[in-house]
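Enquirer: Sharing model-v9.cif here; it has mmCIF, C-alpha atoms.
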```
data_target
loop_
_atom_site.label_atom_id
_atom_site.label_comp_id
_atom_site.auth_asym_id
_atom_site.auth_seq_id
_atom_site.Cartn_x
_atom_site.Cartn_y
_atom_site.Cartn_z
CA MET A 1205 -7.32 -2.89 0.63
CA SER A 1206 -6.55 -5.49 -1.99
CA THR A 1207 -7.04 -9.00 -0.72
CA THR A 1208 -6.19 -10.91 -3.86
CA PRO A 1209 -2.55 -10.24 -4.74
CA THR A 1210 -1.71 -11.50 -8.20
CA GLN A 1211 1.75 -10.22 -9.02
CA PRO A 1212 4.44 -12.89 -9.33
CA GLN A 1213 7.33 -12.58 -6.93
CA ASP A 1214 10.94 -13.53 -7.44
CA THR A 1215 11.89 -15.44 -4.31
CA GLY A 1216 15.58 -15.05 -5.04
CA THR A 1217 16.38 -18.58 -3.99
CA THR A 1218 13.82 -20.82 -5.61
CA GLY A 1219 12.91 -18.87 -8.72
CA VAL A 1220 9.62 -17.17 -9.44
CA SER A 1221 6.68 -18.28 -7.27
CA PRO A 1222 3.16 -16.94 -6.80
CA THR A 1223 2.80 -14.10 -4.33
CA PRO A 1224 1.78 -15.53 -0.95
CA ARG A 1225 -1.86 -15.06 0.01
CA ASP A 1226 -0.85 -13.00 3.05
CA ALA A 1227 1.36 -10.55 1.14
CA ALA A 1228 -1.21 -7.75 1.01
CA TYR A 1229 -1.89 -8.00 4.73
CA TRP A 1230 1.64 -7.24 5.96
CA ALA A 1231 3.31 -3.85 6.25
CA LYS A 1232 6.19 -3.32 3.87
CA PRO A 1233 9.65 -3.46 5.45
CA VAL A 1234 10.56 -0.16 7.09
CA ASP A 1235 13.81 1.06 8.54
CA LYS A 1236 12.34 3.98 10.46
CA LEU A 1237 8.75 5.08 10.95
CA LYS A 1238 7.36 7.99 9.00
CA VAL A 1239 4.22 9.91 9.91
CA SER A 1240 2.59 10.87 6.62
CA ASP A 1241 -0.14 13.09 8.04
CA VAL A 1242 -0.96 14.31 11.51
CA PRO A 1243 -4.67 14.15 12.30
CA SER A 1244 -6.21 17.28 13.80
CA GLY A 1245 -5.73 17.47 17.56
CA ALA A 1246 -2.94 14.90 17.70
CA LEU A 1247 0.45 15.60 19.20
CA ASN A 1248 3.10 14.01 17.00
CA LEU A 1249 6.19 13.21 19.04
CA ASN A 1250 8.28 10.08 19.58
CA VAL A 1251 7.21 8.22 16.45
CA GLU A 1252 8.84 9.85 13.41
CA GLY A 1253 12.25 8.31 12.76
CA LYS A 1254 11.87 5.57 15.38
CA HIS A 1255 12.49 1.89 14.73
CA VAL A 1256 9.72 -0.57 15.50
CA VAL A 1257 10.37 -2.96 18.37
CA GLY A 1258 8.85 -6.36 19.07
CA PRO A 1259 8.58 -8.72 22.04
CA LEU A 1260 12.26 -9.61 21.73
CA GLN A 1261 13.64 -6.07 21.97
CA GLY A 1262 12.13 -4.72 25.21
CA PHE A 1263 13.41 -4.77 28.77
CA GLY A 1264 10.76 -6.15 31.13
CA GLN A 1265 9.00 -9.43 31.68
CA LEU A 1266 7.21 -10.72 28.59
CA TRP A 1267 3.47 -11.12 29.10
CA GLN A 1268 0.77 -12.55 26.90
CA LYS A 1269 -2.59 -11.11 27.87
CA THR A 1270 -5.80 -12.17 26.16
CA TYR A 1271 -9.09 -10.27 26.55
CA ARG A 1272 -12.28 -11.72 25.12
CA VAL A 1273 -15.91 -10.77 24.89
CA ARG A 1274 -18.61 -13.04 23.44
CA LEU A 1275 -21.04 -11.12 21.27
CA ALA A 1276 -23.93 -13.48 21.98
CA GLY A 1277 -27.05 -12.42 20.14
CA ALA A 1278 -25.24 -10.05 17.82
CA THR A 1279 -25.75 -10.56 14.11
CA GLY A 1280 -22.27 -9.48 13.05
CA ALA A 1281 -19.92 -12.10 11.62
CA PRO A 1282 -16.21 -11.83 12.60
CA ALA A 1283 -15.40 -9.83 9.45
CA ASP A 1284 -18.27 -7.41 10.17
CA VAL A 1285 -17.02 -6.87 13.72
CA VAL A 1286 -13.45 -6.20 12.61
CA LYS A 1287 -14.64 -3.86 9.86
CA VAL A 1288 -16.46 -1.75 12.47
CA TRP A 1289 -13.49 -2.01 14.84
CA LYS A 1290 -11.12 -0.63 12.19
CA GLU A 1291 -13.48 2.19 11.25
CA LYS A 1292 -14.35 3.27 14.78
CA LEU A 1293 -11.22 2.41 16.75
CA PRO A 1294 -10.76 5.94 18.19
CA ALA A 1295 -14.38 5.99 19.39
CA PHE A 1296 -13.90 2.74 21.29
CA MET A 1297 -10.90 4.07 23.24
CA PRO A 1298 -11.35 5.67 26.67
CA ALA A 1299 -11.17 9.46 26.87
CA ASP A 1300 -7.71 9.45 28.45
CA SER A 1301 -6.17 7.25 25.76
CA ARG A 1302 -6.75 8.86 22.37
CA PHE A 1303 -5.92 7.06 19.11
CA TYR A 1304 -5.44 9.04 15.89
CA PRO A 1305 -5.31 6.85 12.76
CA SER A 1306 -4.12 8.42 9.53
CA ILE A 1307 -6.60 9.41 6.83
CA THR A 1308 -5.95 6.02 5.21
CA GLY A 1309 -7.15 4.30 8.37
CA ILE A 1310 -6.15 0.88 9.65
CA GLN A 1311 -4.01 -0.33 6.77
CA PRO A 1312 -0.72 -2.22 6.84
CA GLY A 1313 2.21 0.13 7.33
CA GLU A 1314 0.10 3.08 8.51
CA VAL A 1315 0.91 4.83 11.79
CA VAL A 1316 -1.68 5.46 14.50
CA LEU A 1317 -0.68 8.33 16.78
CA ILE A 1318 -1.54 7.95 20.47
CA ASN A 1319 -1.90 10.63 23.13
CA ALA A 1320 -2.44 8.95 26.48
CA ASN A 1321 -2.47 9.77 30.16
CA LEU A 1322 -0.23 7.46 32.17
CA PRO A 1323 -0.26 6.95 35.96
CA GLY A 1324 1.97 9.47 37.71
CA VAL A 1325 2.55 11.54 34.57
CA PRO A 1326 0.99 15.04 34.69
CA MET A 1327 0.56 15.50 30.92
CA PRO A 1328 -0.57 13.31 28.01
CA VAL A 1329 2.28 11.29 26.58
CA SER A 1330 2.72 11.28 22.83
CA THR A 1331 3.53 8.01 21.12
CA GLY A 1332 2.08 5.76 18.42
CA VAL A 1333 2.02 2.34 16.81
CA MET A 1334 2.47 0.93 13.33
CA ILE A 1335 -0.13 -1.34 11.73
CA LEU A 1336 1.97 -4.45 11.22
CA TYR A 1337 -0.74 -6.68 9.78
CA ALA A 1338 -4.36 -6.28 8.80
CA ASP A 1339 -6.76 -8.72 7.16
CA ASP A 1340 -10.54 -9.08 7.22
CA VAL A 1341 -10.75 -10.64 10.68
CA SER A 1342 -7.79 -9.12 12.52
CA PHE A 1343 -5.25 -6.34 12.73
CA THR A 1344 -2.01 -6.12 14.66
CA VAL A 1345 -0.05 -3.12 15.84
CA MET A 1346 3.68 -3.04 16.58
CA THR A 1347 5.25 -0.51 18.89
CA PRO A 1348 8.07 1.97 18.27
CA GLU A 1349 11.12 2.69 20.41
CA GLY A 1350 10.14 4.79 23.42
CA HIS A 1351 6.60 3.38 23.65
CA PRO A 1352 5.66 2.00 27.09
CA GLU A 1353 5.59 -1.53 25.67
CA SER A 1354 7.69 -3.39 23.16
CA GLY A 1355 5.65 -5.92 21.21
CA PHE A 1356 2.42 -6.65 19.40
CA ASN A 1357 -1.28 -6.11 20.06
CA THR A 1358 -3.69 -8.10 17.93
CA PHE A 1359 -7.36 -7.17 17.61
CA SER A 1360 -9.42 -9.97 16.11
CA ALA A 1361 -12.77 -11.69 15.91
CA PHE A 1362 -13.63 -15.32 15.35
CA GLU A 1363 -16.54 -17.69 15.68
CA GLU A 1364 -16.80 -20.05 18.65
CA ASP A 1365 -19.80 -22.35 19.14
CA GLY A 1366 -21.83 -20.23 16.75
CA VAL A 1367 -21.06 -16.97 18.58
CA THR A 1368 -18.75 -14.21 17.36
CA VAL A 1369 -15.98 -13.52 19.85
CA ALA A 1370 -13.98 -10.28 19.84
CA GLN A 1371 -10.48 -10.58 21.21
CA ILE A 1372 -7.48 -8.41 22.04
CA GLN A 1373 -4.21 -10.23 22.58
CA SER A 1374 -1.00 -8.52 23.57
CA LEU A 1375 2.44 -10.09 23.50
CA ALA A 1376 4.68 -7.45 24.94
CA ARG A 1377 7.14 -6.41 27.60
CA ALA A 1378 7.95 -3.03 29.12
CA ASN A 1379 10.30 -1.16 26.85
CA ASP A 1380 12.71 0.07 29.51
CA PRO A 1381 13.31 -0.03 33.30
CA ILE A 1382 11.19 3.06 33.99
CA TYR A 1383 8.20 1.57 32.25
CA GLU A 1384 8.76 -1.79 33.98
CA PHE A 1385 8.65 0.00 37.33
CA GLY A 1386 5.51 1.83 36.24
CA PHE A 1387 3.74 -1.33 35.11
CA ARG A 1388 4.60 -3.22 38.29
CA PHE A 1389 4.40 -0.62 41.03
CA MET A 1390 2.54 2.47 39.74
CA GLY A 1391 -0.63 0.91 38.38
CA GLY A 1392 0.45 0.79 34.75
CA ALA A 1393 -0.54 -2.84 34.21
CA LYS A 1394 -3.94 -2.30 35.82
CA GLN A 1395 -4.55 0.80 33.73
CA GLN A 1396 -3.63 -1.09 30.57
CA GLU A 1397 -6.08 -3.87 31.46
CA LYS A 1398 -8.75 -1.28 32.13
CA ILE A 1399 -8.20 0.27 28.69
CA TRP A 1400 -8.60 -2.99 26.78
CA ARG A 1401 -11.64 -4.01 28.85
CA HIS A 1402 -13.16 -0.62 28.00
CA VAL A 1403 -12.48 -1.12 24.29
CA LEU A 1404 -14.14 -4.54 24.22
CA THR A 1405 -17.09 -3.42 26.34
CA THR A 1406 -17.67 -0.43 24.04
CA LEU A 1407 -17.32 -2.60 20.94
CA ALA A 1408 -19.86 -5.05 22.36
CA ALA A 1409 -22.22 -2.18 23.18
CA HIS A 1410 -21.99 -1.07 19.55
CA PHE A 1411 -23.47 -4.46 18.65
CA ASN A 1412 -26.09 -4.08 21.42
CA VAL A 1413 -24.43 -6.67 23.62
CA ALA A 1414 -23.76 -6.16 27.33
CA ALA A 1415 -21.25 -8.84 28.20
CA GLN A 1416 -18.41 -9.45 30.58
CA VAL A 1417 -14.83 -9.25 29.33
CA ASP A 1418 -12.71 -12.26 30.28
CA MET A 1419 -8.98 -11.90 30.64
CA THR A 1420 -6.18 -14.43 30.94
CA LYS A 1421 -2.51 -13.64 31.30
CA THR A 1422 0.66 -15.68 31.10
CA CYS A 1423 4.18 -14.62 31.89
CA VAL A 1424 5.99 -15.96 28.83
CA ASP A 1425 9.42 -14.82 29.96
CA ALA A 1426 10.05 -13.72 33.55
CA ARG A 1427 13.58 -12.53 32.91
CA LEU A 1428 14.55 -8.89 32.56
CA GLN A 1429 16.65 -8.11 29.50
CA TRP A 1430 19.28 -5.86 31.02
CA SER A 1431 21.00 -5.52 27.65
CA GLN A 1432 17.96 -3.45 26.63
CA ALA A 1433 18.06 -1.09 29.63
CA ARG A 1434 19.47 1.64 27.43
CA ASN A 1435 16.08 1.82 25.67
CA VAL A 1436 15.35 4.46 28.30
CA TRP A 1437 17.08 6.92 25.93
CA HIS A 1438 13.95 6.84 23.75
CA ASN A 1439 11.43 6.92 26.64
CA ALA A 1440 8.34 8.78 25.37
CA ILE A 1441 7.40 10.11 28.84
CA ILE A 1442 10.79 11.76 29.29
CA ARG A 1443 10.88 13.07 25.74
CA THR A 1444 7.32 14.42 25.85
CA THR A 1445 8.09 16.12 29.18
CA LEU A 1446 11.31 17.66 27.89
CA ASN A 1447 9.58 18.84 24.74
CA THR A 1448 6.69 20.54 26.54
CA PRO A 1449 8.32 23.87 27.57
CA GLY A 1450 9.64 24.44 24.03
CA ARG A 1451 6.30 23.54 22.51
CA LEU A 1452 4.43 25.92 24.83
CA ALA A 1453 6.93 28.71 24.10
CA ARG A 1454 6.57 28.24 20.35
CA ARG A 1455 2.79 28.37 20.69
CA LEU A 1456 3.06 31.57 22.76
CA PHE A 1457 5.30 33.33 20.24
CA LYS A 1458 3.07 32.34 17.34
CA ARG A 1459 0.25 34.43 18.79
CA MET B 679 -10.77 -20.49 16.26
CA SER B 680 -10.30 -22.02 12.82
CA GLN B 681 -9.04 -25.56 12.34
CA ALA B 682 -5.30 -26.02 11.91
CA LYS B 683 -4.20 -26.31 8.29
CA VAL B 684 -0.64 -27.28 8.96
CA THR B 685 1.47 -30.39 9.39
CA MET B 686 4.79 -30.44 11.19
CA ASN B 687 7.02 -33.42 10.58
CA VAL B 688 10.00 -33.89 12.90
CA ARG B 689 13.24 -35.38 11.60
CA LYS B 690 16.05 -36.22 14.00
CA ILE B 691 19.46 -35.47 12.52
CA GLY B 692 22.21 -37.13 14.53
CA ASP B 693 22.38 -36.46 18.26
CA LYS B 694 22.42 -32.69 18.15
CA ALA B 695 19.66 -31.49 15.88
CA SER B 696 16.08 -31.98 14.80
CA ILE B 697 14.39 -30.46 11.79
CA VAL B 698 10.72 -29.48 11.84
CA ASP B 699 9.28 -29.48 8.30
CA ILE B 700 6.40 -27.01 8.29
CA GLN B 701 3.80 -27.54 5.60
CA GLY B 702 0.75 -25.28 5.40
CA GLU B 703 -0.47 -22.29 7.40
CA VAL B 704 1.08 -20.85 10.53
CA ASN B 705 -1.52 -18.92 12.49
CA ALA B 706 -3.07 -19.16 15.97
CA SER B 707 -4.55 -22.57 15.17
CA ALA B 708 -1.05 -23.97 14.58
CA GLU B 709 -0.10 -23.61 18.25
CA ASN B 710 -0.69 -27.23 19.26
CA ALA B 711 1.08 -28.61 16.19
CA LEU B 712 4.11 -26.38 16.74
CA MET B 713 4.40 -27.07 20.46
CA ASP B 714 3.89 -30.83 19.91
CA ALA B 715 6.68 -30.77 17.33
CA TYR B 716 8.92 -28.92 19.77
CA THR B 717 8.17 -31.49 22.48
CA GLN B 718 9.16 -34.26 20.06
CA THR B 719 12.46 -32.55 19.24
CA SER B 720 13.27 -32.01 22.90
CA SER B 721 12.38 -35.55 23.97
CA GLY B 722 14.84 -36.69 21.30
CA GLY B 723 17.54 -34.66 23.06
CA ALA B 724 18.11 -32.11 20.29
CA ARG B 725 20.19 -29.08 21.23
CA ALA B 726 19.35 -27.31 17.98
CA ILE B 727 15.86 -27.04 16.54
CA ILE B 728 15.77 -26.16 12.86
CA LEU B 729 12.53 -24.92 11.32
CA ASN B 730 12.07 -25.68 7.62
CA PHE B 731 9.76 -23.05 6.15
CA GLY B 732 10.00 -24.40 2.59
CA GLY B 733 6.37 -25.53 2.73
CA LEU B 734 4.99 -22.41 4.38
CA GLU B 735 1.87 -21.27 2.53
CA TYR B 736 0.46 -18.58 4.80
CA MET B 737 1.42 -16.82 8.02
CA ASN B 738 -0.30 -14.07 9.96
CA SER B 739 0.80 -12.02 12.97
CA SER B 740 -0.45 -14.68 15.40
CA GLY B 741 1.94 -17.07 13.67
CA ILE B 742 4.81 -14.69 14.37
CA GLY B 743 3.64 -14.58 18.01
CA LEU B 744 3.83 -18.38 18.16
CA LEU B 745 7.41 -18.27 16.92
CA VAL B 746 8.27 -15.72 19.62
CA THR B 747 6.89 -17.95 22.38
CA LEU B 748 8.66 -20.99 20.88
CA LEU B 749 11.91 -19.03 20.83
CA ILE B 750 11.53 -18.13 24.51
CA ARG B 751 10.97 -21.82 25.39
CA VAL B 752 13.98 -22.87 23.32
CA ASN B 753 16.21 -20.24 24.95
CA ARG B 754 15.03 -21.28 28.40
CA GLN B 755 16.21 -24.84 27.68
CA LYS B 756 19.53 -23.47 26.40
CA GLN B 757 18.78 -24.81 22.94
CA ARG B 758 19.21 -22.99 19.62
CA LEU B 759 16.52 -22.13 17.08
CA LEU B 760 17.47 -21.87 13.42
CA ALA B 761 15.48 -21.59 10.20
CA PHE B 762 15.80 -22.18 6.47
CA GLY B 763 13.61 -22.31 3.40
CA LEU B 764 12.09 -18.87 3.87
CA SER B 765 10.94 -17.14 0.70
CA GLU B 766 11.92 -13.50 0.20
CA HIS B 767 8.47 -12.46 1.44
CA TYR B 768 8.78 -14.30 4.74
CA ARG B 769 12.39 -13.20 5.16
CA GLN B 770 11.10 -9.62 4.98
CA ILE B 771 8.49 -10.38 7.63
CA PHE B 772 11.18 -11.82 9.89
CA GLU B 773 13.15 -8.60 9.40
CA LEU B 774 10.13 -6.37 9.93
CA THR B 775 9.21 -8.10 13.18
CA ARG B 776 12.90 -8.36 14.11
CA LEU B 777 12.70 -12.11 14.62
CA ASN B 778 15.77 -12.42 12.41
CA GLU B 779 17.82 -10.88 15.24
CA ALA B 780 17.15 -13.96 17.39
CA ILE B 781 16.58 -16.76 14.88
CA ARG B 782 19.48 -17.37 12.50
CA ILE B 783 18.24 -17.84 8.94
CA TYR B 784 20.01 -20.04 6.40
CA GLU B 785 19.51 -20.60 2.70
CA ASN B 786 19.03 -24.34 2.88
CA GLU B 787 19.15 -27.41 5.09
CA ALA B 788 22.82 -28.13 4.43
CA ASP B 789 23.85 -24.63 5.55
CA ALA B 790 21.71 -24.84 8.69
CA LEU B 791 23.15 -28.23 9.63
CA ALA B 792 26.68 -26.98 8.96
CA ALA B 793 26.04 -24.14 11.40
CA VAL B 794 24.91 -26.63 14.05
CA ASN B 795 27.95 -28.78 13.57
#
```
Just give me the structure of the file as structure tokens.

Expert:
Amino acid sequence: MSTTPTQPQDTGTTGVSPTPRDAAYWAKPVDKLKVSDVPSGALNLNVEGKHVVGPLQGFGQLWQKTYRVRLAGATGAPADVVKVWKEKLPAFMPADSRFYPSITGIQPGEVVLINANLPGVPMPVSTGVMILYADDVSFTVMTPEGHPESGFNTFSAFEEDGVTVAQIQSLARANDPIYEFGFRFMGGAKQQEKIWRHVLTTLAAHFNVAAQVDMTKTCVDARLQWSQARNVWHNAIIRTTLNTPGRLARRLFKR
Amino acid sequence: MSQAKVTMNVRKIGDKASIVDIQGEVNASAENALMDAYTQTSSGGARAIILNFGGLEYMNSSGIGLLVTLLIRVNRQKQRLLAFGLSEHYRQIFELTRLNEAIRIYENEADALAAVN
């Protein structure tokens, strides 16, 4: 990934100005998501053709959750930690929540397919995320319509008191009323916390550190956005479930 | 966390509005500066908070997250959040992250103030 953009940019309003330092780190504007290649073993549903949605577009309460692990004793600087994190992200995920980056890897604009087991759902749900931003010490994913959450997840590392700290911070709300119910009453929130604790614990273990993951959470907006209730139309659980009989039949007839 | 490399100067415009001139980098380390600026605007009684991004030099995804949380606070107080001075690059980021659907963007200060009045 280029980190030193040099092309001049016409700002349109103030004439030509140098390209901002962050330009190479952001995804290019997209109308709808496109999956360029489907990694082996991944189920590709509910991502292609979807719009991305942020913390303002979902239905449920908006939560900011921050998970941190201090890599005390590890030699890796923040950039080293994030480099490993980008390269080995699928390996750090728990077995029931599989991530499938594209061949290009964690790069701005790329799609990571996700096949995950959710509480109360008998089959893996197919969804994904778009890499919204990626620099040397962080990367952020943004969710598509139909994903359980609407918002951002940022994976980063920084130095604190001479120790490298790895952090996951989510700023997201449930995408629709079904997901909100699942997060609140069917163990969805707990499962999500378990996943990110697992990721940080496994990342720390990679650097030979056994450390506790600390988590803080803040309800940023307690209101439900009823105007977004219709997001249920895109719900990935429903769409994966409805797609399953057809997919199995196609597989059967191919034999 | 890195040290903040941003200054936020608050200008009170009449009774209704305050402008926050942002100069520097908006990332996680800018949180205190941004929230302090917001507190200043609110203690002055502003009903519209206008962010001037003309001096924005760098913004990452944590910076966008800060703007989301500011927006929620502003909405909760039944205030309005507006913006101007965004370069084409940052306008695109507002569109990509869909912040532009909640924060009205204007070309310049005069247009933003006209919208408030």

Enquirer: As an exercise, work out the distance from atom CA of Gln1311 of chain A to atom CA of Ser1374 of chain A in Å and give it to one decimal place.

Expert: 18.9 Å

Enquirer: I need every residue sitting at most 9 Å from the point (14.3, -31.2, 20.4) (coordinates as in the file, only C-alpha atoms considered), written as a VMD selection string.

Expert: chain B and resid 690 694 to 697 715 to 727 752 757

Enquirer: Identify all residues satisfying the PyMOL selection byres ((chain B) within 9 of (chain A)) in the given file; provide them as a VMD selection string.

Expert: chain B and resid 679 to 680 735 to 740 743 746 to 747 750 to 751 754 763 to 767 770 to 771 773 to 777 779 to 780 785

Enquirer: List every protein, DNA or RNA residue that has an atom no more than 12 Å from (-11.1, 7.1, 23.5) in the file's coordinate frame, counting all atoms listed in the file, and report them as a ChimeraX atom specification.

Expert: /A:1292-1304,1318-1321,1399-1400,1402-1403,1406-1407

Enquirer: Set the distance at 10 Å and use all atoms listed in the file: which residues neighbour Asn730 of chain B once local chain neighbours fewer than 6 positions away are removed? I'd like the list as a PDB file with C-alpha atoms, in the frame of the given file.

Expert:
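Output file out.pdb is given in full below:
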```pdb
ATOM      1  CA  MET B 686       4.790 -30.440  11.190  1.00  0.00           C
ATOM      2  CA  ASN B 687       7.020 -33.420  10.580  1.00  0.00           C
ATOM      3  CA  VAL B 688      10.000 -33.890  12.900  1.00  0.00           C
ATOM      4  CA  ILE B 697      14.390 -30.460  11.790  1.00  0.00           C
ATOM      5  CA  VAL B 698      10.720 -29.480  11.840  1.00  0.00           C
ATOM      6  CA  ASP B 699       9.280 -29.480   8.300  1.00  0.00           C
ATOM      7  CA  ILE B 700       6.400 -27.010   8.290  1.00  0.00           C
ATOM      8  CA  GLN B 701       3.800 -27.540   5.600  1.00  0.00           C
ATOM      9  CA  LEU B 760      17.470 -21.870  13.420  1.00  0.00           C
ATOM     10  CA  ALA B 761      15.480 -21.590  10.200  1.00  0.00           C
ATOM     11  CA  PHE B 762      15.800 -22.180   6.470  1.00  0.00           C
ATOM     12  CA  GLY B 763      13.610 -22.310   3.400  1.00  0.00           C
ATOM     13  CA  LEU B 764      12.090 -18.870   3.870  1.00  0.00           C
ATOM     14  CA  TYR B 784      20.010 -20.040   6.400  1.00  0.00           C
ATOM     15  CA  ASN B 786      19.030 -24.340   2.880  1.00  0.00           C
ATOM     16  CA  GLU B 787      19.150 -27.410   5.090  1.00  0.00           C
ATOM     17  CA  ALA B 790      21.710 -24.840   8.690  1.00  0.00           C
TER      18      ALA B 790
END
```

Enquirer: Evaluate the PyMOL selection byres ((chain A and resi 1288) around 12) on the structure here and hand back the selected residues as an MDAnalysis selection string.

Expert: chainID A and resid 1280:1287 1289:1296 1309:1310 1340:1342 1359:1361 1370 1406:1408 1410:1411

Enquirer: Return as a PyMOL selection string the set of residues that the PyMOL selection byres ((chain A and resi 1275) around 7) yields on the displayed structure.

Expert: chain A and resi 1273-1274+1276-1278+1367-1369+1408+1413

Enquirer: Export C-alpha atoms of the chosen residues as a short mmCIF file (atom, residue, chain, number, x, y, z; two decimals), keeping the file's coordinate frame?

Expert:
```cif
data_model
loop_
_atom_site.label_atom_id
_atom_site.label_comp_id
_atom_site.auth_asym_id
_atom_site.auth_seq_id
_atom_site.Cartn_x
_atom_site.Cartn_y
_atom_site.Cartn_z
CA VAL A 1273 -15.91 -10.77 24.89
CA ARG A 1274 -18.61 -13.04 23.44
CA ALA A 1276 -23.93 -13.48 21.98
CA GLY A 1277 -27.05 -12.42 20.14
CA ALA A 1278 -25.24 -10.05 17.82
CA VAL A 1367 -21.06 -16.97 18.58
CA THR A 1368 -18.75 -14.21 17.36
CA VAL A 1369 -15.98 -13.52 19.85
CA ALA A 1408 -19.86 -5.05 22.36
CA VAL A 1413 -24.43 -6.67 23.62
#
```

Enquirer: Write out as a PyMOL selection string which residues come within 12 Å of Leu1249 of chain A when counting all atoms listed in the file, dropping same-chain ones fewer than 6 positions away.

Expert: chain A and resi 1237-1239+1242+1316-1319+1328-1333+1348-1351+1438-1448+1451

Enquirer: Please measure the separation of atom CA of Gln755 of chain B and atom CA of Arg689 of chain B, giving the value in Å to one decimal.

Expert: 19.5 Å

Enquirer: Please put the answer as JSON: centre and edge lengths, in Å with one decimal, of a box along x, y and z that encloses all listed atoms of segment 756-775 of chain B plus 5 Å on each side.

Expert:
```
{"center_x": 14.0, "center_y": -15.6, "center_z": 13.3, "size_x": 21.1, "size_y": 28.4, "size_z": 36.2}
```

Enquirer: To one decimal in Å, tell me the separation between atom CA of Arg1454 of chain A and atom CA of Pro1326 of chain A.

Expert: 20.3 Å
